[in-house]
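**Q** The structure under discussion is supplied below as structure tokens; questions concerning it will follow.
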Amino acid sequence: MSKKKPERPLPQSLGLPFAGADSHTHLDHEGLLPDLSGMLQRAAESGVSLIVHMFLQHSRYAANRQLILDAAASLENAPDICFVRGLHPEDVLEAGEEEWENLVHAVKNDPLIRAIGEIGLDWHYEEGYSPSELQRPWFRRQLKLAKELEKPIVIHSRDAWDEVFQMLDEEGLRGWPLLWHCFGGDVERASQVVERGWHVAVGGASTFKANGFVREAVKAIPLDRLHLETDCPYLAPVPWRGKTCEPSLTVFTADCLAKELGMETAELWRITGANTRRFFGMEKN
Ligand SMILES: [Zn+2]
């Protein structure tokens with residue numbers, strides 16, 4: 001007897017308004033780059049009106065910035081796009097002064113770069129990863145840059161909660177426009193972020209069965225500081241879990257969390273979309 005594969009609903013089938021946002025993407029990942037315009041079209045058709053893309057290395061920024069903008073411009077209806085630029089903890093191993101100068105130059109001169117990120121600490125891997133003695137100073141240096149240039153910050157923190165809080169507190173960043181990306185904590189962790197005045201972005205992993213504590217924590221986040229993200233091509237939400245993730249799939253995270261919050265999906269979609277526009281200075285005139 002052959003087992004029938006389960007039918008997965010398409011993101012367009014949720015019929016959400018063109019008002020949502022994917023606040024964290026890696027569109028230039030090798031798995032996504034070949035179908036950039038198709039991906040952007042599906043995002044628009046699913047209601048994603050803004051995509052925030054992370055540029056983490058100068059070489060990729062130089063190679064792909066225009067490519068991404070051209071792909072969007074080629075479509076009749078495309079999401080707005082803005083960028084975040086920084087050195088990910090994984091990339092600091094290779095980074096030198098030239099990389100730094102390129103980063104500073106881009107952040108100062110590119111009007112589409114709206115924040116510095118994703119930056120932080122990542123203690124998840126022990127071997128073959130950037131050592132802590134490199135991660136810490138690069139993180140701090142970028143925090144100081146964000147302060148100097150008055151730029152919002154996007155945080156990447158993995159297995160490093162307390163140390164990241166400590167460093168951000170030492171840099172006097174309470175109340176700073178700061179978005180905690182890929183939030184995967186419980187109610188207490190959410191409170192620690194929220195009490196400092198920061199924003200929280202929740203991704204596909206929040207829809208996984210085992211992550212009920214994350215869905216619980218989302219209830220502790222003020223609605224005007226909640227953002228949705230994919231972190232694509234990673235962490236596709238249920239019912240696309242395990243597949244390549246892309247911005248259109250943000251709608252399933254919205255759907256899951258809206259049920260949790262007792263809201264209409266379209267309402268949460270509009271609210272989080274507006275939050276992301278506001279945070280990254282991408283409001284429509
Ligand atoms: Zn990311």
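Residue numbering restarts at 1 for every chain of the structure tokens, chains are lettered A, B, ... in their displayed order, and ligands are numbered from 1 as they appear.
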For Gly273 in chain A, please output as a list of chain:residue names all residues within 8 Å (counting only C-alpha atoms; exclusion window: fewer than 5 positions along the same chain).
**A** A:Ala19, A:Gly20, A:Ala21, A:Asp22, A:Ser49, A:Leu50, A:His227, A:Leu228
**Q** List as a list in words the protein and nucleic acid residues near Ile51 in chain A, meaning an atom at most 8 Å away when only C-alpha atoms are counted, but skip any in the same chain fewer than 2 places from it.
**A**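 The residues that qualify are Ala21, Asp22, Ser23, His24, Thr25, Val48, Ser49, His53, Pro79, Asp80, Ile81, Cys82 and Pro247 of chain A.
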**Q** Could you name the residues that touch Leu16 in chain A at 10 Å or less, counting only C-alpha atoms, but leaving out those on the same chain fewer than 4 positions away, as a list in words?
**A**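 Within the cut-off, the hits are Pro11, Gln12, Gly20, Glu45, Ser46, Gly47, Val48, Val251, Ala254, Asp255, Thr265, Ala266, Glu267, Trp269 and Arg270 of chain A.
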**Q** For the residues selected in the previous step, produce a file with N, CA and C atoms as a CSV table (one decimal), in the first residue's frame.
**A**
```csv
chain,number,residue,atom,x,y,z
A,11,PRO,N,0.9,29.1,0.6
A,11,PRO,CA,0.8,30.3,1.4
A,11,PRO,C,-0.2,31.3,0.9
A,12,GLN,N,-0.4,31.3,-0.5
A,12,GLN,CA,-1.4,32.2,-1.1
A,12,GLN,C,-2.8,31.8,-0.6
A,20,GLY,N,1.8,42.4,5.3
A,20,GLY,CA,2.7,41.7,6.3
A,20,GLY,C,4.1,41.9,5.9
A,45,GLU,N,2.3,37.6,-3.5
A,45,GLU,CA,1.0,37.0,-3.7
A,45,GLU,C,0.4,36.4,-2.4
A,46,SER,N,1.3,36.2,-1.4
A,46,SER,CA,0.9,35.7,-0.1
A,46,SER,C,0.6,36.8,0.9
A,47,GLY,N,0.9,38.0,0.5
A,47,GLY,CA,0.7,39.1,1.4
A,47,GLY,C,1.9,39.8,2.1
A,48,VAL,N,3.1,39.3,1.7
A,48,VAL,CA,4.3,39.9,2.2
A,48,VAL,C,4.6,41.2,1.5
A,251,VAL,N,3.4,33.5,6.4
A,251,VAL,CA,2.0,33.5,6.7
A,251,VAL,C,1.6,32.4,7.7
A,254,ALA,N,2.3,33.4,11.2
A,254,ALA,CA,1.2,34.3,11.6
A,254,ALA,C,0.0,33.6,12.0
A,255,ASP,N,-0.4,32.6,11.2
A,255,ASP,CA,-1.6,31.8,11.4
A,255,ASP,C,-1.5,31.1,12.7
A,265,THR,N,-6.0,36.0,12.0
A,265,THR,CA,-4.6,36.0,11.4
A,265,THR,C,-4.4,37.3,10.6
A,266,ALA,N,-5.4,37.8,9.9
A,266,ALA,CA,-5.2,39.1,9.1
A,266,ALA,C,-4.8,40.2,10.0
A,267,GLU,N,-5.4,40.2,11.2
A,267,GLU,CA,-5.1,41.3,12.1
A,267,GLU,C,-3.7,41.3,12.6
A,269,TRP,N,-1.3,39.9,11.2
A,269,TRP,CA,-0.5,40.1,10.0
A,269,TRP,C,-0.3,41.6,9.7
A,270,ARG,N,-1.4,42.4,9.8
A,270,ARG,CA,-1.3,43.8,9.6
A,270,ARG,C,-0.4,44.5,10.7
```
**Q** Could you tell me, as a list in words, which residues of range 70-121 of chain A DSSP assigns to strand (DSSP E or B) when given the backbone?
**A** Asp80, Ile81, Cys82, Phe83, Val84, Arg85, Ile113, Arg114, Ala115, Ile116, Gly117, Glu118, Ile119, Gly120 and Leu121 of chain A
**Q** If you run DSSP on the backbone here, which positions in range 29-230 of chain A get helix (DSSP H, G or I)? Please write them as a PyMOL selection string.
**A** chain A and resi 33-46+58-73+97-109+132-149+161-170+187-194+204-207+209-218+223-225
**Q** Can you write just those residues out, C-alpha atoms, as a tab-separated table (two decimals), in the first residue's frame?
**A**
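Everything below was put into selection_3.tsv:
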```tsv
chain	number	residue	atom	x	y	z
A	33	LEU	CA	19.27	32.86	-5.30
A	34	PRO	CA	18.43	31.00	-8.54
A	35	ASP	CA	14.72	31.76	-8.17
A	36	LEU	CA	14.83	35.25	-6.70
A	37	SER	CA	12.01	36.76	-8.71
A	38	GLY	CA	9.77	33.70	-8.32
A	39	MET	CA	10.34	33.84	-4.59
A	40	LEU	CA	9.53	37.55	-4.43
A	41	GLN	CA	6.42	37.05	-6.54
A	42	ARG	CA	5.15	34.26	-4.28
A	43	ALA	CA	5.84	36.49	-1.27
A	44	ALA	CA	3.78	39.32	-2.75
A	45	GLU	CA	0.96	36.95	-3.70
A	46	SER	CA	0.90	35.67	-0.12
A	58	HIS	CA	31.00	42.44	1.94
A	59	SER	CA	31.55	40.06	-0.99
A	60	ARG	CA	27.90	39.02	-0.98
A	61	TYR	CA	26.71	42.57	-0.47
A	62	ALA	CA	28.77	43.71	-3.45
A	63	ALA	CA	27.61	40.80	-5.62
A	64	ASN	CA	23.93	40.59	-4.74
A	65	ARG	CA	22.57	43.99	-3.70
A	66	GLN	CA	21.62	45.05	-7.19
A	67	LEU	CA	20.55	41.54	-8.15
A	68	ILE	CA	17.93	41.50	-5.41
A	69	LEU	CA	16.67	44.99	-6.20
A	70	ASP	CA	16.51	44.20	-9.93
A	71	ALA	CA	14.54	41.02	-9.28
A	72	ALA	CA	11.99	43.03	-7.30
A	73	ALA	CA	11.87	45.78	-9.91
A	97	GLU	CA	40.16	45.45	8.86
A	98	GLU	CA	39.20	45.58	5.19
A	99	GLU	CA	35.93	43.82	5.93
A	100	TRP	CA	35.33	46.29	8.75
A	101	GLU	CA	35.99	49.32	6.57
A	102	ASN	CA	33.65	48.00	3.90
A	103	LEU	CA	30.99	47.42	6.53
A	104	VAL	CA	31.28	50.92	7.96
A	105	HIS	CA	31.26	52.46	4.50
A	106	ALA	CA	28.14	50.56	3.47
A	107	VAL	CA	26.23	51.38	6.65
A	108	LYS	CA	27.13	55.06	6.32
A	109	ASN	CA	26.35	55.39	2.62
A	132	SER	CA	34.73	33.40	21.69
A	133	GLU	CA	37.82	35.60	21.83
A	134	LEU	CA	36.91	36.79	18.33
A	135	GLN	CA	33.14	36.87	18.70
A	136	ARG	CA	33.11	39.10	21.77
A	137	PRO	CA	35.22	42.01	20.47
A	138	TRP	CA	33.52	42.01	17.05
A	139	PHE	CA	30.12	42.08	18.69
A	140	ARG	CA	31.11	44.97	20.94
A	141	ARG	CA	32.71	46.89	18.12
A	142	GLN	CA	29.53	46.66	16.08
A	143	LEU	CA	27.39	47.73	19.03
A	144	LYS	CA	29.56	50.81	19.40
A	145	LEU	CA	29.21	51.50	15.68
A	146	ALA	CA	25.42	51.27	15.93
A	147	LYS	CA	25.49	53.77	18.78
A	148	GLU	CA	27.83	56.11	16.96
A	149	LEU	CA	25.73	56.03	13.77
A	161	TRP	CA	21.29	34.78	26.67
A	162	ASP	CA	22.93	36.13	29.80
A	163	GLU	CA	26.13	37.21	28.18
A	164	VAL	CA	24.32	39.05	25.40
A	165	PHE	CA	22.09	40.82	27.93
A	166	GLN	CA	25.16	41.74	29.95
A	167	MET	CA	27.02	43.18	26.98
A	168	LEU	CA	24.01	45.14	25.76
A	169	ASP	CA	23.46	46.49	29.26
A	170	GLU	CA	27.13	47.46	29.56
A	187	VAL	CA	8.10	33.82	29.24
A	188	GLU	CA	10.96	34.85	31.50
A	189	ARG	CA	13.33	35.43	28.58
A	190	ALA	CA	10.64	37.37	26.76
A	191	SER	CA	10.21	39.58	29.82
A	192	GLN	CA	13.95	40.25	29.97
A	193	VAL	CA	13.88	41.49	26.39
A	194	VAL	CA	10.64	43.41	26.75
A	204	GLY	CA	9.00	29.23	11.98
A	205	ALA	CA	10.38	27.28	14.93
A	206	SER	CA	7.62	28.79	17.07
A	207	THR	CA	5.15	26.60	15.17
A	209	LYS	CA	5.05	21.07	18.41
A	210	ALA	CA	7.80	21.00	21.03
A	211	ASN	CA	7.97	24.80	21.23
A	212	GLY	CA	4.77	25.48	23.14
A	213	PHE	CA	6.84	27.53	25.60
A	214	VAL	CA	7.76	29.95	22.81
A	215	ARG	CA	4.12	30.37	21.83
A	216	GLU	CA	3.35	30.99	25.50
A	217	ALA	CA	6.14	33.59	25.65
A	218	VAL	CA	4.73	35.42	22.63
A	223	LEU	CA	1.76	43.54	20.25
A	224	ASP	CA	3.41	46.72	19.02
A	225	ARG	CA	6.86	45.14	19.45
```
**Q** Mind pulling up the distance from CA of Thr253 in chain A to CA of Asp231 in chain A?
**A**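 CA of Thr253 in chain A lies 12.0 Å from CA of Asp231 in chain A.
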**Q** For a quick check of understanding, using only C-alpha atoms, which of A:Leu32, A:Met282, A:Ala201, A:Ile119 has the smallest distance to His156 in chain A?
**A** A:Ile119
**Q** Taking only C-alpha atoms and all ligand atoms into account, which of A:Gly175, A:Gly120, A:Gly197, A:Pro237 comes nearest ligand 1?
**A**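 Between A:Gly175, A:Gly120, A:Gly197, A:Pro237, the residue approaching ligand 1 most closely is A:Gly120.
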**Q** In Å, with one decimal, what is the gap from CA of Val154 in chain A to CA of Pro177 in chain A?
**A**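 Between CA of Val154 in chain A and CA of Pro177 in chain A the gap is 8.8 Å.
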**Q** Take CA of Pro239 in chain A and CA of Leu14 in chain A and report the distance between them in Å, one decimal.
**A**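 Spanning CA of Pro239 in chain A to CA of Leu14 in chain A is a straight-line distance of 12.8 Å.
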**Q** I want to know what sits within 9 Å of Ile155 in chain A, based on only C-alpha atoms, with residues of the same chain fewer than 3 positions away left out; could you give that as a list in words?
**A**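 With the cut-off at 9 Å, the set is Ile116, Gly117, Glu118, Ile119, Gly120, Leu121, Val164, Leu178, Leu179, Trp180, His181 and Cys182 of chain A.
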**Q** Filtering to C-alpha atoms, could you give me those residues as a PDB file, in the first residue's frame?
**A**
```pdb
ATOM      1  CA  ILE A 116      23.268  46.798  11.941  1.00  0.00           C
ATOM      2  CA  GLY A 117      22.873  43.030  12.275  1.00  0.00           C
ATOM      3  CA  GLU A 118      22.611  40.227  12.636  1.00  0.00           C
ATOM      4  CA  ILE A 119      25.254  40.507  15.315  1.00  0.00           C
ATOM      5  CA  GLY A 120      25.739  38.802  18.628  1.00  0.00           C
ATOM      6  CA  LEU A 121      27.162  35.705  20.237  1.00  0.00           C
ATOM      7  CA  VAL A 164      24.318  39.046  25.398  1.00  0.00           C
ATOM      8  CA  LEU A 178      16.801  46.646  19.006  1.00  0.00           C
ATOM      9  CA  LEU A 179      15.202  43.573  17.477  1.00  0.00           C
ATOM     10  CA  TRP A 180      15.844  40.184  19.064  1.00  0.00           C
ATOM     11  CA  HIS A 181      15.904  37.855  16.063  1.00  0.00           C
ATOM     12  CA  CYS A 182      14.764  34.197  16.121  1.00  0.00           C
TER      13      CYS A 182
END
```
**Q** Residues within 9 Å of Tyr234 in chain A, please, as a ChimeraX atom specification. Count only C-alpha atoms; anything in the same chain fewer than 6 positions from it doesn't count.
**A** /A:26,204,242-246
**Q** Would you mind telling me which residue in A:Arg85, A:His124, A:His199, A:Lys259 lies nearest to ligand 1 when using only C-alpha atoms and all ligand atoms?
**A**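 With only C-alpha atoms and all ligand atoms as the atom set, the closest residue is A:Arg85.
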**Q** Pick out the closest residue to Leu235 in chain A from this set: A:Gly281, A:Pro9, A:Pro17, A:Gly203. Count only C-alpha atoms.
**A**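 Checking each candidate against Leu235 in chain A, we get A:Gly203 as the closest.
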**Q** Could you tell me which of A:Asp186, A:Asp122, A:Glu7, A:Asp110 comes closest to His88 in chain A if we count only C-alpha atoms?
**A** A:Asp122
